[in-house]
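Here's the structure, in structure tokens; my notes come after.
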Amino acid sequence: KDINWVKIPDCTETKNFIDEEFNILIDLNLGNCFPLQYICGLSKANFKVGITSNNPEVYDLMLHIEKKKTLENLINQASHYLDMINKPIPTNS
């Protein structure tokens with residue numbers, strides 16, 4: 001009921017979510033779900049993570065998990081690469 005006839009999410013909660021400026025948005029969608037891709041594409045999140053898809057312009061970090069396409073693997077890969085990005089830079093002391 002919250003999706004219009006062209007499958008665009010159309011409710012206050014979705015609009016509020018899109019307008020929220022999250023530091024990171026991780027799209028855990030394993031399929032090709034247009035409403036979720038629409039939300040991710042319009043989200044004001046600073047950094048977006050998702051699987052390789054037909055919409056590479058949506059994500060800042062894309063994970064290729066075709067060999068083992070499971071939610072557990074997606075979460076593990078996202079955690080692994082985000083940990084690598086977020087490592088503190090050693091200082092010369």
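Identifiers in the structure tokens: chain A, B, ... in order shown; residue index from 1 per chain; ligand index from 1 in order shown.
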Would you kindly return, as a PDB file with C-alpha atoms, in the first residue's frame, each protein, DNA or RNA residue with an atom no farther than 9 Å from any atom of A:Gln77, considering only C-alpha atoms and excluding same-chain residues fewer than 4 positions away?
```pdb
ATOM      1  CA  LEU A  63      30.561  -5.695  -3.372  1.00  0.00           C
ATOM      2  CA  ILE A  65      29.348 -11.634  -4.103  1.00  0.00           C
ATOM      3  CA  GLU A  72      25.616 -13.641   5.660  1.00  0.00           C
ATOM      4  CA  ASN A  73      28.335 -13.266   3.005  1.00  0.00           C
ATOM      5  CA  TYR A  81      35.846  -3.682   3.631  1.00  0.00           C
ATOM      6  CA  LEU A  82      34.365  -1.014   5.894  1.00  0.00           C
TER       7      LEU A  82
END
```
Apply DSSP to the backbone of this structure and, from chain A, keep only the residues in strand (DSSP E or B); write these as JSON, numbers by chain. {"A": [3, 9, 24, 25, 26, 47, 48, 49, 50, 51, 61, 62, 63]}
Shell of 8 Å around stretch 25-28 of chain A, only C-alpha atoms, local chain residues under 3 positions omitted, as number ranges by chain: A: 22, 36, 40, 45-51, 71, 74-75, 78
Hey, can you spit out that residue selection with all heavy atoms as a compact mmCIF listing (two decimals), in the first residue's frame?
```
# COMPACT_ATOMS: atom_id res chain seq x y z
N PHE A 22 22.42 9.79 6.98
CA PHE A 22 23.19 8.73 7.65
C PHE A 22 24.65 8.83 7.24
O PHE A 22 24.96 9.25 6.12
CB PHE A 22 22.66 7.35 7.25
CG PHE A 22 21.23 7.10 7.63
CD1 PHE A 22 20.24 7.08 6.66
CD2 PHE A 22 20.88 6.89 8.95
CE1 PHE A 22 18.92 6.84 7.00
CE2 PHE A 22 19.57 6.65 9.31
CZ PHE A 22 18.59 6.62 8.33
N LEU A 36 13.60 -0.59 -3.26
CA LEU A 36 14.78 -0.42 -2.41
C LEU A 36 15.89 0.31 -3.16
O LEU A 36 16.59 1.15 -2.58
CB LEU A 36 15.27 -1.77 -1.90
CG LEU A 36 14.35 -2.45 -0.90
CD1 LEU A 36 14.90 -3.82 -0.51
CD2 LEU A 36 14.15 -1.60 0.33
N CYS A 40 17.62 3.85 -2.03
CA CYS A 40 19.08 4.01 -1.92
C CYS A 40 19.58 5.10 -2.86
O CYS A 40 20.45 5.89 -2.48
CB CYS A 40 19.78 2.70 -2.24
SG CYS A 40 19.59 1.46 -0.96
N ALA A 45 22.32 9.70 2.44
CA ALA A 45 23.41 9.09 3.20
C ALA A 45 24.74 9.51 2.60
O ALA A 45 24.86 9.67 1.39
CB ALA A 45 23.28 7.57 3.18
N ASN A 46 25.74 9.68 3.45
CA ASN A 46 27.05 10.13 2.99
C ASN A 46 27.83 9.06 2.24
O ASN A 46 28.64 9.37 1.38
CB ASN A 46 27.89 10.61 4.18
CG ASN A 46 27.29 11.85 4.80
OD1 ASN A 46 26.94 12.79 4.10
ND2 ASN A 46 27.15 11.85 6.11
N PHE A 47 27.61 7.78 2.56
CA PHE A 47 28.34 6.68 1.94
C PHE A 47 27.39 5.50 1.81
O PHE A 47 26.78 5.07 2.79
CB PHE A 47 29.55 6.30 2.81
CG PHE A 47 30.54 5.40 2.15
CD1 PHE A 47 31.46 5.89 1.26
CD2 PHE A 47 30.56 4.05 2.45
CE1 PHE A 47 32.40 5.06 0.66
CE2 PHE A 47 31.48 3.20 1.87
CZ PHE A 47 32.41 3.71 0.96
N LYS A 48 27.26 4.96 0.59
CA LYS A 48 26.30 3.89 0.34
C LYS A 48 27.03 2.63 -0.11
O LYS A 48 27.90 2.69 -0.97
CB LYS A 48 25.30 4.31 -0.73
CG LYS A 48 24.52 5.55 -0.37
CD LYS A 48 23.67 6.02 -1.53
CE LYS A 48 23.14 7.42 -1.29
NZ LYS A 48 22.44 7.93 -2.47
N VAL A 49 26.63 1.51 0.48
CA VAL A 49 27.24 0.21 0.18
C VAL A 49 26.16 -0.73 -0.31
O VAL A 49 25.06 -0.78 0.25
CB VAL A 49 27.90 -0.39 1.46
CG1 VAL A 49 28.51 -1.74 1.17
CG2 VAL A 49 28.92 0.57 2.04
N GLY A 50 26.47 -1.49 -1.36
CA GLY A 50 25.53 -2.48 -1.88
C GLY A 50 26.23 -3.45 -2.80
O GLY A 50 27.43 -3.32 -3.06
N ILE A 51 25.48 -4.43 -3.30
CA ILE A 51 26.08 -5.40 -4.21
C ILE A 51 26.12 -4.82 -5.62
O ILE A 51 25.39 -3.88 -5.94
CB ILE A 51 25.32 -6.75 -4.20
CG1 ILE A 51 23.87 -6.59 -4.67
CG2 ILE A 51 25.38 -7.40 -2.84
CD1 ILE A 51 23.15 -7.92 -4.89
N LEU A 71 22.98 -13.48 2.39
CA LEU A 71 22.96 -12.32 3.27
C LEU A 71 24.15 -12.34 4.22
O LEU A 71 24.80 -11.32 4.44
CB LEU A 71 21.64 -12.26 4.05
CG LEU A 71 21.45 -11.06 4.96
CD1 LEU A 71 21.56 -9.75 4.18
CD2 LEU A 71 20.12 -11.15 5.68
N LEU A 74 27.22 -11.20 2.35
CA LEU A 74 27.14 -9.76 2.09
C LEU A 74 27.52 -8.97 3.35
O LEU A 74 28.31 -8.03 3.29
CB LEU A 74 25.75 -9.37 1.61
CG LEU A 74 25.48 -7.89 1.43
CD1 LEU A 74 26.48 -7.23 0.49
CD2 LEU A 74 24.06 -7.67 0.92
N ILE A 75 26.98 -9.37 4.48
CA ILE A 75 27.28 -8.68 5.74
C ILE A 75 28.77 -8.83 6.08
O ILE A 75 29.42 -7.85 6.47
CB ILE A 75 26.39 -9.21 6.88
CG1 ILE A 75 24.94 -8.78 6.64
CG2 ILE A 75 26.88 -8.71 8.23
CD1 ILE A 75 23.93 -9.47 7.53
N ALA A 78 30.81 -6.62 3.62
CA ALA A 78 30.63 -5.20 3.94
C ALA A 78 31.42 -4.85 5.20
O ALA A 78 32.13 -3.83 5.22
CB ALA A 78 29.14 -4.88 4.13
```
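Of the listed residues A:Pro9, A:Met62, A:Lys69, A:Thr14, the one whose atoms come nearest to A:Gly31 is A:Lys69, with distances taken using only C-alpha atoms.
For the set A:Met84, A:Ile89, A:Leu61, A:Cys11, the residue with the smallest atom-to-atom gap to A:Ile24 is A:Leu61, counting only C-alpha atoms.
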In stretch 21-92 of chain A, what's alpha helix (DSSP H) per DSSP? Answer as a count of residues only? 24
Nearby residues (only C-alpha atoms) at most 9 Å from A:Phe17, same-chain spacing under 4 positions excluded, as a count of residues only: 6
Take atom CA of A:Asn23 and atom CA of A:Thr91 and report the distance between them in Å, one decimal. 24.9 Å
